[in-house]
Each structure stands twice: as structure tokens, then as C-alpha cells.
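Taking it in order: structure first as C-alpha cells, then the write-up.
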Amino acid sequence: MAHRPPSATPALRICEAAGISYEVHTYAHQPGMSGYGTQAAQALGVSTDQLFKTLIVDVDGEAVCVVVPVSHQAAMKAIASAHAGKHAELVAASRAERLTGYVLGAVSPLGQRTTLPTYLDQSAMNLPTIYVSAGKRGRQVQLDPMDLHRLTHAVIAPLTSPS
């Protein structure tokens, strides 16, 4: 068994185990600042269309994982519809952390404590690579959106409205 550095997150272990091509990018996270995704995009010098945020959403009582670009807002009606539900809303921070095993600002769609149905915004499929949280604040993983789709079994759907 290969020795893993203590800083490896469950998300990165999933990528490594799958044998996919990925790159880890780090930046100095600024505690106390809001807008984790915008902060990450600015620090890494990438477009907010290419950097995706991970949200945990309750659809009619069931938690789902939603991955959308930082440049857009999640459209709750579209998310509910994609999950064949009627009502969607963000879950409380404490519940999101409990379900995923990650702290807010570092929730990754990969390596979550609880496997949740996952939805990926269709805009990701137009990009050669996207960035998602690597499971720790100040760390993003860049990967092919098809790899993320395969690893999470995500449903691809339109899930956003412009910010």
C-alpha cells in the first residue's frame, strides 16, 4: 500500500484510486471572508465559470449534492425538477458538514462521508477541465468534467440562473 501524505483528503484519494488525471491547486485561504468560490477563483486566476461550488440541497426531504459554477446561482426549481421533486432548499451548514464530512468552504463532490445523489450543471460539459474543492479550504482539484461525472455518477442537467 502506498504511503499517503497526511494532507491527502478523501476527495484526492478517490481521484488517485480511480487513476484519473488531475491537478491540485492551493492558495492562501482568507478566513472570515465570504464567497469561498470567488476567493478561490481570484487566488488561482481562473474564471468563475470554470470553478464550481458544491452545495448540499434538500429536495422534498432528501439531501442531494449539487455542483454548479461559482459564476451562477443554483436554481432551486431546476434542482427540484432534476431530482423529480417539488421543493428544494439549501440544507443547514451543520447538516451539510455532518453528511459530507467536510467543513463549509471545503465541501467536495468527491469522497463524501455519505454518498448522495449528485447533480452537475450542464455547463461543465462544455469545458476541458473544471475546478472543484479538494476537500480542504485553500485547495482545489482540477479535472476533466467527464471524470467527475463518472466518479460521482452525477446527473447532468441545467441547474443555474445567472448571478
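Here's how to read the names in the C-alpha cells: chain A, B, ... by the order shown, residue numbers from 1 in each chain, ligand numbers from 1 in the order shown.
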Using only C-alpha atoms, find each residue of stretch 19-105 of chain A with at least one atom at most 7 Å away from an atom of stretch 121-142 of chain A; report its shortest atom-to-atom pair and that distance in Å (one decimal), sort the rows by chain and rising residue number, and return the result as CSV.
residue,atom,partner,partner_atom,distance
A:Tyr22,CA,A:Gln142,CA,5.6
A:Glu23,CA,A:Gln142,CA,5.1
A:Val24,CA,A:Val141,CA,4.5
A:His25,CA,A:Gln140,CA,5.2
A:Thr26,CA,A:Arg139,CA,4.5
A:Tyr27,CA,A:Gly138,CA,4.9
A:Ala28,CA,A:Gly138,CA,5.7
A:His29,CA,A:Gly138,CA,4.7
A:Gln50,CA,A:Ile130,CA,5.1
A:Leu51,CA,A:Tyr131,CA,4.6
A:Phe52,CA,A:Val132,CA,5.3
A:Lys53,CA,A:Val132,CA,6.4
A:Val67,CA,A:Asp121,CA,6.2
A:Val68,CA,A:Asp121,CA,5.2
A:Tyr102,CA,A:Gly135,CA,6.3
A:Gly105,CA,A:Arg137,CA,5.9
Next, the residues of the selection above should be written as a short mmCIF file (atom, residue, chain, number, x, y, z; two decimals), in the first residue's frame with N, CA and C atoms.
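The resulting selection_23.cif:
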data_model
loop_
_atom_site.label_atom_id
_atom_site.label_comp_id
_atom_site.auth_asym_id
_atom_site.auth_seq_id
_atom_site.Cartn_x
_atom_site.Cartn_y
_atom_site.Cartn_z
N TYR A 22 -5.49 14.46 -12.78
CA TYR A 22 -5.97 15.61 -12.01
C TYR A 22 -4.79 16.43 -11.54
N GLU A 23 -5.07 17.67 -11.18
CA GLU A 23 -4.03 18.54 -10.65
C GLU A 23 -4.58 19.27 -9.44
N VAL A 24 -3.79 19.34 -8.40
CA VAL A 24 -4.19 20.03 -7.17
C VAL A 24 -3.61 21.43 -7.19
N HIS A 25 -4.45 22.40 -6.86
CA HIS A 25 -4.04 23.81 -6.80
C HIS A 25 -4.32 24.31 -5.39
N THR A 26 -3.34 24.97 -4.82
CA THR A 26 -3.52 25.52 -3.47
C THR A 26 -3.41 27.04 -3.52
N TYR A 27 -4.02 27.65 -2.53
CA TYR A 27 -3.97 29.11 -2.39
C TYR A 27 -4.14 29.43 -0.92
N ALA A 28 -3.80 30.65 -0.55
CA ALA A 28 -3.91 31.08 0.85
C ALA A 28 -5.37 31.47 1.12
N HIS A 29 -6.09 30.60 1.80
CA HIS A 29 -7.47 30.89 2.17
C HIS A 29 -7.49 32.03 3.18
N GLN A 50 -15.36 28.40 -14.59
CA GLN A 50 -14.63 27.13 -14.59
C GLN A 50 -14.48 26.56 -13.19
N LEU A 51 -14.65 27.39 -12.16
CA LEU A 51 -14.54 26.93 -10.78
C LEU A 51 -15.96 26.66 -10.26
N PHE A 52 -16.18 25.44 -9.78
CA PHE A 52 -17.51 25.00 -9.38
C PHE A 52 -17.61 24.87 -7.87
N LYS A 53 -18.78 25.25 -7.35
CA LYS A 53 -19.06 25.13 -5.92
C LYS A 53 -19.94 23.91 -5.71
N VAL A 67 -23.50 20.53 -7.98
CA VAL A 67 -22.23 21.14 -8.37
C VAL A 67 -22.51 22.13 -9.50
N VAL A 68 -22.30 23.41 -9.20
CA VAL A 68 -22.62 24.49 -10.14
C VAL A 68 -21.46 25.48 -10.20
N TYR A 102 -17.03 17.22 5.42
CA TYR A 102 -16.22 18.39 5.08
C TYR A 102 -16.80 19.64 5.74
N GLY A 105 -17.11 25.61 2.75
CA GLY A 105 -15.99 26.23 2.06
C GLY A 105 -14.99 25.20 1.57
#
Using DSSP secondary structure from the backbone, list all strand (DSSP E) positions within stretch 7-153 of chain A, as a PDB file with N, CA and C atoms, in the first residue's frame.
ATOM      1  N   TYR A  22      -5.487  14.461 -12.776  1.00  0.00           N
ATOM      2  CA  TYR A  22      -5.974  15.614 -12.014  1.00  0.00           C
ATOM      3  C   TYR A  22      -4.787  16.429 -11.542  1.00  0.00           C
ATOM      4  N   GLU A  23      -5.071  17.668 -11.185  1.00  0.00           N
ATOM      5  CA  GLU A  23      -4.032  18.544 -10.655  1.00  0.00           C
ATOM      6  C   GLU A  23      -4.581  19.274  -9.438  1.00  0.00           C
ATOM      7  N   VAL A  24      -3.793  19.337  -8.398  1.00  0.00           N
ATOM      8  CA  VAL A  24      -4.187  20.027  -7.167  1.00  0.00           C
ATOM      9  C   VAL A  24      -3.610  21.434  -7.194  1.00  0.00           C
ATOM     10  N   HIS A  25      -4.453  22.402  -6.863  1.00  0.00           N
ATOM     11  CA  HIS A  25      -4.040  23.810  -6.804  1.00  0.00           C
ATOM     12  C   HIS A  25      -4.317  24.313  -5.393  1.00  0.00           C
ATOM     13  N   THR A  26      -3.341  24.974  -4.817  1.00  0.00           N
ATOM     14  CA  THR A  26      -3.515  25.518  -3.475  1.00  0.00           C
ATOM     15  C   THR A  26      -3.408  27.039  -3.520  1.00  0.00           C
ATOM     16  N   PHE A  52     -16.177  25.438  -9.776  1.00  0.00           N
ATOM     17  CA  PHE A  52     -17.508  25.001  -9.377  1.00  0.00           C
ATOM     18  C   PHE A  52     -17.615  24.873  -7.867  1.00  0.00           C
ATOM     19  N   LYS A  53     -18.782  25.253  -7.351  1.00  0.00           N
ATOM     20  CA  LYS A  53     -19.058  25.128  -5.920  1.00  0.00           C
ATOM     21  C   LYS A  53     -19.943  23.907  -5.709  1.00  0.00           C
ATOM     22  N   THR A  54     -19.802  23.320  -4.535  1.00  0.00           N
ATOM     23  CA  THR A  54     -20.581  22.145  -4.169  1.00  0.00           C
ATOM     24  C   THR A  54     -21.572  22.550  -3.093  1.00  0.00           C
ATOM     25  N   LEU A  55     -22.835  22.330  -3.375  1.00  0.00           N
ATOM     26  CA  LEU A  55     -23.905  22.664  -2.435  1.00  0.00           C
ATOM     27  C   LEU A  55     -24.638  21.392  -2.025  1.00  0.00           C
ATOM     28  N   ILE A  56     -25.078  21.362  -0.790  1.00  0.00           N
ATOM     29  CA  ILE A  56     -25.923  20.256  -0.340  1.00  0.00           C
ATOM     30  C   ILE A  56     -27.326  20.835  -0.203  1.00  0.00           C
ATOM     31  N   VAL A  57     -28.237  20.238  -0.945  1.00  0.00           N
ATOM     32  CA  VAL A  57     -29.591  20.756  -1.086  1.00  0.00           C
ATOM     33  C   VAL A  57     -30.589  19.695  -0.639  1.00  0.00           C
ATOM     34  N   ASP A  58     -31.631  20.140   0.045  1.00  0.00           N
ATOM     35  CA  ASP A  58     -32.719  19.250   0.439  1.00  0.00           C
ATOM     36  C   ASP A  58     -33.817  19.346  -0.618  1.00  0.00           C
ATOM     37  N   VAL A  59     -34.141  18.218  -1.236  1.00  0.00           N
ATOM     38  CA  VAL A  59     -35.232  18.155  -2.209  1.00  0.00           C
ATOM     39  C   VAL A  59     -36.309  17.251  -1.622  1.00  0.00           C
ATOM     40  N   GLU A  62     -34.974  14.905   0.970  1.00  0.00           N
ATOM     41  CA  GLU A  62     -33.790  14.095   0.659  1.00  0.00           C
ATOM     42  C   GLU A  62     -32.621  15.008   0.311  1.00  0.00           C
ATOM     43  N   ALA A  63     -31.475  14.766   0.935  1.00  0.00           N
ATOM     44  CA  ALA A  63     -30.279  15.559   0.649  1.00  0.00           C
ATOM     45  C   ALA A  63     -29.651  15.096  -0.665  1.00  0.00           C
ATOM     46  N   VAL A  64     -29.275  16.073  -1.494  1.00  0.00           N
ATOM     47  CA  VAL A  64     -28.571  15.805  -2.742  1.00  0.00           C
ATOM     48  C   VAL A  64     -27.378  16.743  -2.847  1.00  0.00           C
ATOM     49  N   CYS A  65     -26.411  16.342  -3.631  1.00  0.00           N
ATOM     50  CA  CYS A  65     -25.210  17.140  -3.879  1.00  0.00           C
ATOM     51  C   CYS A  65     -25.367  17.827  -5.227  1.00  0.00           C
ATOM     52  N   VAL A  66     -25.138  19.129  -5.259  1.00  0.00           N
ATOM     53  CA  VAL A  66     -25.304  19.923  -6.468  1.00  0.00           C
ATOM     54  C   VAL A  66     -23.988  20.655  -6.753  1.00  0.00           C
ATOM     55  N   VAL A  67     -23.500  20.531  -7.984  1.00  0.00           N
ATOM     56  CA  VAL A  67     -22.227  21.136  -8.374  1.00  0.00           C
ATOM     57  C   VAL A  67     -22.509  22.128  -9.503  1.00  0.00           C
ATOM     58  N   VAL A  68     -22.297  23.411  -9.199  1.00  0.00           N
ATOM     59  CA  VAL A  68     -22.615  24.485 -10.136  1.00  0.00           C
ATOM     60  C   VAL A  68     -21.457  25.482 -10.197  1.00  0.00           C
ATOM     61  N   PRO A  69     -21.342  26.220 -11.317  1.00  0.00           N
ATOM     62  CA  PRO A  69     -20.260  27.201 -11.404  1.00  0.00           C
ATOM     63  C   PRO A  69     -20.447  28.339 -10.406  1.00  0.00           C
ATOM     64  N   HIS A  72     -22.617  31.482 -11.214  1.00  0.00           N
ATOM     65  CA  HIS A  72     -24.075  31.420 -11.265  1.00  0.00           C
ATOM     66  C   HIS A  72     -24.662  31.003  -9.923  1.00  0.00           C
ATOM     67  N   GLN A  73     -25.941  31.294  -9.771  1.00  0.00           N
ATOM     68  CA  GLN A  73     -26.656  30.849  -8.577  1.00  0.00           C
ATOM     69  C   GLN A  73     -27.369  29.547  -8.898  1.00  0.00           C
ATOM     70  N   ALA A  74     -27.441  28.678  -7.916  1.00  0.00           N
ATOM     71  CA  ALA A  74     -28.199  27.448  -8.078  1.00  0.00           C
ATOM     72  C   ALA A  74     -29.674  27.813  -8.201  1.00  0.00           C
ATOM     73  N   ALA A  88     -36.974  22.607  -3.252  1.00  0.00           N
ATOM     74  CA  ALA A  88     -35.560  22.457  -2.915  1.00  0.00           C
ATOM     75  C   ALA A  88     -35.087  23.661  -2.127  1.00  0.00           C
ATOM     76  N   GLU A  89     -34.211  23.416  -1.157  1.00  0.00           N
ATOM     77  CA  GLU A  89     -33.587  24.487  -0.390  1.00  0.00           C
ATOM     78  C   GLU A  89     -32.254  23.988   0.150  1.00  0.00           C
ATOM     79  N   LEU A  90     -31.337  24.929   0.373  1.00  0.00           N
ATOM     80  CA  LEU A  90     -30.049  24.562   0.950  1.00  0.00           C
ATOM     81  C   LEU A  90     -30.251  23.933   2.313  1.00  0.00           C
ATOM     82  N   THR A 118     -25.977  12.972  -6.933  1.00  0.00           N
ATOM     83  CA  THR A 118     -25.215  14.148  -7.340  1.00  0.00           C
ATOM     84  C   THR A 118     -25.721  14.677  -8.674  1.00  0.00           C
ATOM     85  N   TYR A 119     -25.773  16.005  -8.768  1.00  0.00           N
ATOM     86  CA  TYR A 119     -26.217  16.705  -9.961  1.00  0.00           C
ATOM     87  C   TYR A 119     -25.137  17.689 -10.357  1.00  0.00           C
ATOM     88  N   LEU A 120     -24.743  17.651 -11.624  1.00  0.00           N
ATOM     89  CA  LEU A 120     -23.693  18.516 -12.158  1.00  0.00           C
ATOM     90  C   LEU A 120     -24.300  19.419 -13.218  1.00  0.00           C
ATOM     91  N   ASP A 121     -24.060  20.725 -13.084  1.00  0.00           N
ATOM     92  CA  ASP A 121     -24.602  21.656 -14.065  1.00  0.00           C
ATOM     93  C   ASP A 121     -24.040  21.348 -15.444  1.00  0.00           C
ATOM     94  N   ILE A 130     -12.508  21.413 -15.122  1.00  0.00           N
ATOM     95  CA  ILE A 130     -13.157  22.261 -14.129  1.00  0.00           C
ATOM     96  C   ILE A 130     -12.404  22.116 -12.813  1.00  0.00           C
ATOM     97  N   TYR A 131     -12.659  23.043 -11.922  1.00  0.00           N
ATOM     98  CA  TYR A 131     -12.075  23.020 -10.589  1.00  0.00           C
ATOM     99  C   TYR A 131     -13.202  22.786  -9.591  1.00  0.00           C
ATOM    100  N   VAL A 132     -12.982  21.869  -8.659  1.00  0.00           N
ATOM    101  CA  VAL A 132     -13.902  21.659  -7.536  1.00  0.00           C
ATOM    102  C   VAL A 132     -13.066  21.574  -6.269  1.00  0.00           C
ATOM    103  N   SER A 133     -13.715  21.721  -5.146  1.00  0.00           N
ATOM    104  CA  SER A 133     -12.985  21.640  -3.880  1.00  0.00           C
ATOM    105  C   SER A 133     -12.322  20.278  -3.744  1.00  0.00           C
ATOM    106  N   ALA A 134     -11.102  20.316  -3.249  1.00  0.00           N
ATOM    107  CA  ALA A 134     -10.369  19.085  -2.978  1.00  0.00           C
ATOM    108  C   ALA A 134     -10.613  18.603  -1.555  1.00  0.00           C
ATOM    109  N   GLY A 135     -11.531  19.258  -0.839  1.00  0.00           N
ATOM    110  CA  GLY A 135     -11.884  18.796   0.498  1.00  0.00           C
ATOM    111  C   GLY A 135     -11.214  19.534   1.637  1.00  0.00           C
ATOM    112  N   LYS A 136     -10.525  20.600   1.309  1.00  0.00           N
ATOM    113  CA  LYS A 136      -9.872  21.420   2.331  1.00  0.00           C
ATOM    114  C   LYS A 136      -9.879  22.853   1.836  1.00  0.00           C
ATOM    115  N   ARG A 139      -7.690  24.578  -1.175  1.00  0.00           N
ATOM    116  CA  ARG A 139      -7.231  23.511  -2.061  1.00  0.00           C
ATOM    117  C   ARG A 139      -8.340  23.151  -3.052  1.00  0.00           C
ATOM    118  N   GLN A 140      -8.006  23.205  -4.330  1.00  0.00           N
ATOM    119  CA  GLN A 140      -8.939  22.846  -5.399  1.00  0.00           C
ATOM    120  C   GLN A 140      -8.311  21.742  -6.242  1.00  0.00           C
ATOM    121  N   VAL A 141      -9.161  20.901  -6.814  1.00  0.00           N
ATOM    122  CA  VAL A 141      -8.681  19.875  -7.733  1.00  0.00           C
ATOM    123  C   VAL A 141      -9.236  20.195  -9.118  1.00  0.00           C
ATOM    124  N   GLN A 142      -8.343  20.181 -10.101  1.00  0.00           N
ATOM    125  CA  GLN A 142      -8.707  20.433 -11.495  1.00  0.00           C
ATOM    126  C   GLN A 142      -8.772  19.084 -12.197  1.00  0.00           C
ATOM    127  N   LEU A 143      -9.918  18.823 -12.850  1.00  0.00           N
ATOM    128  CA  LEU A 143     -10.099  17.544 -13.514  1.00  0.00           C
ATOM    129  C   LEU A 143     -11.053  17.668 -14.685  1.00  0.00           C
TER     130      LEU A 143
END
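Comparing the minimum interatomic distances between A:Pro31 and each of A:Ala157, A:Ala18, A:Leu104, A:Gln112, counting only C-alpha atoms, we find that A:Leu104 sits nearest.
The gap separating atom CA of A:Arg98 from atom CA of A:Pro158 is 27.1 Å, in Å to one decimal.
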With DSSP run on the backbone, what are the helix (DSSP H, G or I) residues within chain A? I'd like them as a count of residues only. 46
Please list as a list in words every residue within 7 Å of A:Pro10, counting only C-alpha atoms and excluding residues in the same chain fewer than 3 positions away. Arg13, Ile14 and Gly111 of chain A
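Nearest residue to A:Ser47 among A:Ser108, A:Ser71, A:Thr152, A:Thr115 is A:Ser71, counting only C-alpha atoms.
Around A:Ile20, within 8 Å and counting only C-alpha atoms, the residues found are Cys15, Glu16 and Asp147 of chain A, once anything fewer than 4 positions away on its own chain is removed.
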Identify, on the basis of only C-alpha atoms, every residue whose closest approach to A:Gln30 does not exceed 12 Å; exclude the query and any residue fewer than 3 positions from it along the same chain; express the result as a compact mmCIF listing (two decimals) with N, CA and C atoms, in the first residue's frame.
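Written file, out24.txt:
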# COMPACT_ATOMS: atom_id res chain seq x y z
N TYR A 27 -4.02 27.65 -2.53
CA TYR A 27 -3.97 29.11 -2.39
C TYR A 27 -4.14 29.43 -0.92
N MET A 33 -13.53 35.78 5.25
CA MET A 33 -14.06 36.33 4.01
C MET A 33 -15.21 35.45 3.52
N SER A 34 -16.24 36.09 3.01
CA SER A 34 -17.34 35.31 2.44
C SER A 34 -17.02 35.02 0.97
N GLY A 35 -17.80 34.17 0.36
CA GLY A 35 -17.59 33.85 -1.04
C GLY A 35 -16.38 32.97 -1.27
N TYR A 36 -16.40 31.77 -0.70
CA TYR A 36 -15.26 30.86 -0.84
C TYR A 36 -14.88 30.63 -2.29
N GLY A 37 -15.87 30.42 -3.16
CA GLY A 37 -15.61 30.14 -4.56
C GLY A 37 -14.97 31.31 -5.29
N THR A 38 -15.51 32.49 -5.07
CA THR A 38 -14.96 33.69 -5.71
C THR A 38 -13.53 33.92 -5.23
N GLN A 39 -13.31 33.73 -3.93
CA GLN A 39 -11.97 33.88 -3.36
C GLN A 39 -11.00 32.89 -4.02
N ALA A 40 -11.43 31.64 -4.19
CA ALA A 40 -10.58 30.62 -4.81
C ALA A 40 -10.28 30.98 -6.27
N GLN A 42 -10.27 33.91 -7.75
CA GLN A 42 -9.37 35.06 -7.82
C GLN A 42 -7.95 34.65 -7.45
N ALA A 43 -7.81 33.88 -6.39
CA ALA A 43 -6.48 33.48 -5.94
C ALA A 43 -5.77 32.59 -6.96
N GLY A 105 -17.11 25.61 2.75
CA GLY A 105 -15.99 26.23 2.06
C GLY A 105 -14.99 25.20 1.57
N ARG A 137 -10.18 23.79 2.73
CA ARG A 137 -10.14 25.20 2.33
C ARG A 137 -8.74 25.53 1.83
N GLY A 138 -8.69 26.25 0.71
CA GLY A 138 -7.40 26.60 0.14
C GLY A 138 -6.86 25.55 -0.80
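Picture a line from atom CA of A:Val70 to atom CA of A:Thr48; it runs 5.1 Å.
What separates atom CA of A:Leu159 from atom CA of A:Lys77 is a distance of 8.4 Å.
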